[in-house]
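Peer 1: Just dropping this structure here.
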Amino acid sequence: MKSNLLSPRSVLLVLLCFLWHQTTIAQQKKPNVIYICADDLGYGDLSCYGATKIKTPNLDALAANGVLFTNAHATSATCTPSRYAMMTGEYPWRKDGVRILPGDAALIVPQNKITLPGVFKKAGYKTAIVGKWHLGIGTQVDKDWNGDIRPGPNEVGFDYSFIFPATADRVPTVFVENHRVIALDTNDPIQVSYTKKVGDEPTGKEHPELLKMKSSPGQGHDQTIINGIGRIGYMSGGKTARWTDEELSFTFLNKAKQVITDNKTTPFFLYFALTEPHVPRMPATMFKGTSALGYRGDAIMQLDWTVGQIMQQLKATGLDKNTIIVFSSDNGPVLDDGYMDEAVTKQNGHLPAGPLRGGKYSAFEGGTRVPFIVSWPATIKPAKSDALVCQVDLLNSFAAMLHISVPANEARDSENMLDVLLGKSAKGRDALVLQGGALSVVKDNWKYITPNKGPALFGGVNIESGNSESVQLYNLKNDVGEQNNLAEKYPERVKEMAVLLEKIKDKK
């Protein structure tokens, strides 16, 4: 008589298939996460933050369907430090050498400690970075750009990386994909130096007649000319590998869209590091003249369109409802930052920092208070939040969401703000240390800026530094523009804030 019972082997196969199916379903339920980081975008540069001279409809739509934060910060008023904090969960001033890096710098992100992408990898996510890196690659300054370049993003948590090493105004002006320069001709090897001229290519200082965008005097953007633009640093070779500025955003966008497509069935974390509106501002032809604010405004229009393309890609792949998008900027805005691109002459009443004082490089709020939007259509209800939050908190917040343990001695400045980010709580951080021309600390809407002997005005960029040899104390609730120094009126508050800052600095 023939038995209808399954053999033990068949039962095992059925069980394995069931478990695989259940694991796949569980994996798919985890939300994808995309962190979109603009470059030098100010608090007042988006229409959803009050800009009237420029319209950003895609970011407005993102904000309308998520939480728009009005008191969110980068840790620092410059890019490398703030990106280091986001990656490591640690204030950048705790580590020597975390400053704006040249394009040939060695990797500064630790390989033996937890990182933001490392949190996602531990949770079974595919991880990718597309765009600006500016945290160094390799083990030393003197590196071979014509072979494998490591360690880099892949060694600190990213499965896939497609980057340029520093910023668009610094050499080398090449794409690096997973340790290798793209489109490199071995017969035309790359050389890079930030100390002396290499090769015989013209520089902006020697041949200003060759520039299609003039450099601002005294700001250092007059070395090797690439694509008609003088750069910081010297480069020779790699002619087939060099990008042109007008193609940067499209190239990065296509790579980001591919990451989304390739991971339709697997949870992924994508760090999409945009180049706009950092100098040199050379938007694609389709965006030139689309704003009334010159190339800087056009670059912001391009940025907004790019975000819209990512949103469309998520919808086309059916991932839009279950994808968390975090949008922010690495620091505050700057108009004249190395090139004469009409950002100043065509400002037309636009206030890049909105009501804030200062901008990029500054200890005032304009240096670190940035746009910050979190969207997750499946979960988040539209809202506006004035909770104090910071990009350094992303690491511990997502670790909490994904139930990933963070070692006690790592990511020590990152706080779990998950409920705040998801709009479930209005209680932000108790205190936050900010780094501009001087260190400052914020608590209960009071801001204390430490005395500092630096210049009161960064003359090259025409931005107030926040430096003063006197103590500064501001009540941000009533004076977000930091016009009224209350240090003499509230000496006890000054003392309390100074003690708090030292306590945080001594935190182990």
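Order determines the names: the first chain of the structure tokens is A, the second B, and so forth; residues in each chain are numbered 1 upward, and ligands are numbered 1 upward as they are shown.
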Kindly provide the residues of range 322-419 of chain A that approach range 157-180 of chain A to within 12 Å, each paired with its closest atom pair and their distance in Å to one decimal, based on only C-alpha atoms, listed by chain and increasing number, as a tab-separated table.

Peer 2:
residue	atom	partner	partner_atom	distance
A:Asp337	CA	A:Asp169	CA	10.1
A:Gly338	CA	A:Asp169	CA	8.7
A:Tyr339	CA	A:Asp169	CA	9.7

Peer 1: Can you tell me which residues surround Ala378 in chain A at a distance of at most 12 Å, considering only C-alpha atoms, apart from same-chain residues fewer than 5 positions away, and format the answer as a PDB file with C-alpha atoms, in the first residue's frame?

Peer 2:
ATOM      1  CA  LYS A  29       9.148  44.552   6.437  1.00  0.00           C
ATOM      2  CA  LYS A  30      12.256  46.347   7.646  1.00  0.00           C
ATOM      3  CA  PRO A  31      12.134  49.907   6.323  1.00  0.00           C
ATOM      4  CA  ASN A  32      14.700  51.019   3.795  1.00  0.00           C
ATOM      5  CA  ASN A  65       4.383  64.202   4.358  1.00  0.00           C
ATOM      6  CA  GLY A  66       6.879  63.956   7.196  1.00  0.00           C
ATOM      7  CA  LEU A 319       9.237  51.046  -2.016  1.00  0.00           C
ATOM      8  CA  ASP A 320       7.927  54.521  -1.288  1.00  0.00           C
ATOM      9  CA  LYS A 321       5.644  53.603   1.627  1.00  0.00           C
ATOM     10  CA  ASN A 322       8.258  51.645   3.530  1.00  0.00           C
ATOM     11  CA  THR A 323      11.320  53.844   2.988  1.00  0.00           C
ATOM     12  CA  ILE A 324      12.518  56.360   5.545  1.00  0.00           C
ATOM     13  CA  ILE A 325      14.037  59.448   3.931  1.00  0.00           C
ATOM     14  CA  LEU A 422       9.348  59.562  13.926  1.00  0.00           C
TER      15      LEU A 422
END

Peer 1: Run DSSP on the backbone and tell me which residues of range 37-147 of chain A come out as strand (DSSP E or B); list them as a PyMOL selection string.

Peer 2: chain A and resi 37-38+66-69+72-73+76+126-132

Peer 1: Counting only C-alpha atoms, which of A:Glu247, A:Glu155, A:Asp304, A:Asp185 gets nearest to Ser47 in chain A?

Peer 2: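 Counting only C-alpha atoms, the residue closest to Ser47 in chain A is A:Asp304.
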
Peer 1: Enumerate the residues of range 305-498 of chain A with a DSSP assignment of helix (DSSP H, G or I), computed from the backbone, and present them as JSON, numbers by chain.

Peer 2: {"A": [305, 306, 307, 308, 309, 310, 311, 312, 313, 314, 315, 316, 365, 366, 367, 368, 391, 392, 393, 394, 395, 396, 397, 398, 399, 400, 401, 418, 419, 420, 421, 491, 492, 493, 494, 495, 496, 497, 498]}

Peer 1: Suppose we keep N, CA and C atoms; can you now write the selection as a compact mmCIF listing (two decimals), in the first residue's frame?

Peer 2:
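Result saved to part.txt:
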# COMPACT_ATOMS: atom_id res chain seq x y z
N TRP A 305 15.17 68.95 -7.68
CA TRP A 305 14.76 68.01 -8.74
C TRP A 305 15.34 66.62 -8.47
N THR A 306 16.58 66.57 -8.05
CA THR A 306 17.23 65.29 -7.76
C THR A 306 16.48 64.53 -6.67
N VAL A 307 16.11 65.24 -5.60
CA VAL A 307 15.34 64.60 -4.54
C VAL A 307 14.01 64.08 -5.09
N GLY A 308 13.39 64.85 -5.97
CA GLY A 308 12.14 64.40 -6.60
C GLY A 308 12.33 63.13 -7.41
N GLN A 309 13.48 63.02 -8.09
CA GLN A 309 13.77 61.81 -8.88
C GLN A 309 13.92 60.58 -7.99
N ILE A 310 14.52 60.76 -6.83
CA ILE A 310 14.64 59.65 -5.87
C ILE A 310 13.27 59.23 -5.39
N MET A 311 12.42 60.18 -5.10
CA MET A 311 11.06 59.87 -4.65
C MET A 311 10.28 59.13 -5.74
N GLN A 312 10.46 59.54 -6.99
CA GLN A 312 9.81 58.85 -8.10
C GLN A 312 10.33 57.43 -8.26
N GLN A 313 11.64 57.25 -8.08
CA GLN A 313 12.22 55.92 -8.20
C GLN A 313 11.67 54.98 -7.13
N LEU A 314 11.52 55.49 -5.92
CA LEU A 314 10.95 54.68 -4.84
C LEU A 314 9.52 54.28 -5.17
N LYS A 315 8.77 55.20 -5.72
CA LYS A 315 7.37 54.90 -6.07
C LYS A 315 7.31 53.88 -7.21
N ALA A 316 8.18 54.03 -8.19
CA ALA A 316 8.18 53.11 -9.34
C ALA A 316 8.55 51.69 -8.93
N GLU A 365 24.13 80.44 14.97
CA GLU A 365 23.19 79.39 14.55
C GLU A 365 23.21 79.12 13.05
N GLY A 366 23.50 80.14 12.26
CA GLY A 366 23.55 79.93 10.82
C GLY A 366 24.59 78.93 10.38
N GLY A 367 25.56 78.64 11.25
CA GLY A 367 26.60 77.68 10.90
C GLY A 367 26.18 76.24 11.03
N THR A 368 25.29 75.96 11.99
CA THR A 368 24.97 74.55 12.27
C THR A 368 23.48 74.22 12.23
N GLN A 391 22.43 65.50 13.81
CA GLN A 391 22.82 64.40 12.93
C GLN A 391 23.65 63.35 13.65
N VAL A 392 24.36 63.75 14.70
CA VAL A 392 25.16 62.78 15.45
C VAL A 392 24.27 61.71 16.08
N ASP A 393 22.97 62.01 16.23
CA ASP A 393 22.03 61.08 16.87
C ASP A 393 21.51 59.99 15.94
N LEU A 394 21.79 60.08 14.67
CA LEU A 394 21.27 59.09 13.73
C LEU A 394 21.75 57.68 14.08
N LEU A 395 23.00 57.56 14.49
CA LEU A 395 23.57 56.24 14.74
C LEU A 395 22.80 55.50 15.84
N ASN A 396 22.68 56.11 17.01
CA ASN A 396 22.00 55.42 18.11
C ASN A 396 20.50 55.32 17.89
N SER A 397 19.93 56.25 17.17
CA SER A 397 18.50 56.19 16.88
C SER A 397 18.16 54.99 16.00
N PHE A 398 18.92 54.81 14.94
CA PHE A 398 18.65 53.67 14.06
C PHE A 398 19.10 52.36 14.71
N ALA A 399 20.12 52.41 15.54
CA ALA A 399 20.49 51.20 16.28
C ALA A 399 19.33 50.76 17.17
N ALA A 400 18.66 51.70 17.80
CA ALA A 400 17.51 51.37 18.64
C ALA A 400 16.37 50.79 17.79
N MET A 401 16.13 51.38 16.64
CA MET A 401 15.07 50.89 15.76
C MET A 401 15.31 49.44 15.31
N LEU A 418 14.93 58.29 18.37
CA LEU A 418 14.06 57.63 17.40
C LEU A 418 12.62 58.13 17.49
N ASP A 419 12.06 58.18 18.68
CA ASP A 419 10.68 58.63 18.82
C ASP A 419 10.50 60.07 18.36
N VAL A 420 11.51 60.89 18.56
CA VAL A 420 11.45 62.27 18.11
C VAL A 420 11.49 62.32 16.58
N LEU A 421 12.41 61.55 15.98
CA LEU A 421 12.54 61.55 14.53
C LEU A 421 11.27 61.05 13.85
N PRO A 491 24.77 86.12 34.87
CA PRO A 491 26.08 85.51 35.13
C PRO A 491 25.98 84.09 35.68
N GLU A 492 24.95 83.79 36.44
CA GLU A 492 24.79 82.44 36.97
C GLU A 492 24.50 81.44 35.85
N ARG A 493 23.72 81.89 34.87
CA ARG A 493 23.44 81.02 33.72
C ARG A 493 24.73 80.78 32.94
N VAL A 494 25.54 81.80 32.79
CA VAL A 494 26.83 81.65 32.11
C VAL A 494 27.69 80.61 32.82
N LYS A 495 27.76 80.71 34.13
CA LYS A 495 28.56 79.77 34.91
C LYS A 495 28.03 78.35 34.75
N GLU A 496 26.72 78.21 34.79
CA GLU A 496 26.08 76.90 34.66
C GLU A 496 26.39 76.28 33.30
N MET A 497 26.32 77.09 32.25
CA MET A 497 26.57 76.58 30.89
C MET A 497 28.04 76.23 30.70
N ALA A 498 28.93 77.02 31.27
CA ALA A 498 30.36 76.73 31.16
C ALA A 498 30.71 75.42 31.84

Peer 1: List as a list in words the protein and nucleic acid residues near Ile504 in chain A, meaning an atom at most 12 Å away when only C-alpha atoms are counted, but skip any in the same chain fewer than 4 places from it.

Peer 2: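 Contacts, with the query itself left out: Glu90, Tyr91, Trp93, Arg94, Arg412, Asp413, Asp430, Ala431, Leu432, Val433, Leu434, Leu439, Ser440, Val441, Val442, Met497, Ala498, Val499, Leu500 and Lys508 of chain A.
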
Peer 1: Restricting the calculation to only C-alpha atoms, which member of A:Leu274, A:Lys288, A:Pro355, A:Ser414 is positioned closest to Ile114 in chain A?

Peer 2: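 The shortest atom-to-atom distance to Ile114 in chain A comes from A:Ser414.
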
Peer 1: What lies within 7 Å of Gly230 in chain A using only C-alpha atoms, ignoring chain neighbours under 5 positions off, as a list in words?

Peer 2: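 Close residues of Gly230 in chain A: Thr203, Gly204, Leu211, Ser215, His221, Asp222, Gln223, Thr224 and Ile225 of chain A.
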
Peer 1: Neighbouring residues of Ile260 in chain A were defined as those with any atom within 8 Å, considering only C-alpha atoms; residues of the same chain fewer than 3 positions away were excluded. Please report them as a PDB file with N, CA and C atoms, in the first residue's frame.

Peer 2:
ATOM      1  N   ALA A 256      22.516  56.214  -7.577  1.00  0.00           N
ATOM      2  CA  ALA A 256      21.598  56.078  -6.447  1.00  0.00           C
ATOM      3  C   ALA A 256      20.337  55.335  -6.851  1.00  0.00           C
ATOM      4  N   LYS A 257      19.813  55.653  -8.018  1.00  0.00           N
ATOM      5  CA  LYS A 257      18.616  54.959  -8.513  1.00  0.00           C
ATOM      6  C   LYS A 257      18.902  53.475  -8.732  1.00  0.00           C
ATOM      7  N   ASN A 263      18.042  46.642  -4.951  1.00  0.00           N
ATOM      8  CA  ASN A 263      17.698  46.163  -3.614  1.00  0.00           C
ATOM      9  C   ASN A 263      16.190  46.210  -3.355  1.00  0.00           C
ATOM     10  N   LYS A 264      15.424  45.930  -4.395  1.00  0.00           N
ATOM     11  CA  LYS A 264      13.968  45.967  -4.260  1.00  0.00           C
ATOM     12  C   LYS A 264      13.454  44.963  -3.242  1.00  0.00           C
ATOM     13  N   PHE A 268      17.743  48.139   2.500  1.00  0.00           N
ATOM     14  CA  PHE A 268      18.999  48.812   2.198  1.00  0.00           C
ATOM     15  C   PHE A 268      19.096  50.146   2.925  1.00  0.00           C
ATOM     16  N   GLN A 313      11.638  57.249  -8.079  1.00  0.00           N
ATOM     17  CA  GLN A 313      12.219  55.918  -8.205  1.00  0.00           C
ATOM     18  C   GLN A 313      11.673  54.979  -7.133  1.00  0.00           C
ATOM     19  N   LEU A 314      11.524  55.489  -5.919  1.00  0.00           N
ATOM     20  CA  LEU A 314      10.952  54.677  -4.844  1.00  0.00           C
ATOM     21  C   LEU A 314       9.520  54.278  -5.172  1.00  0.00           C
ATOM     22  N   THR A 317       9.364  51.556  -7.886  1.00  0.00           N
ATOM     23  CA  THR A 317       9.769  50.228  -7.417  1.00  0.00           C
ATOM     24  C   THR A 317       8.888  49.711  -6.289  1.00  0.00           C
TER      25      THR A 317
END
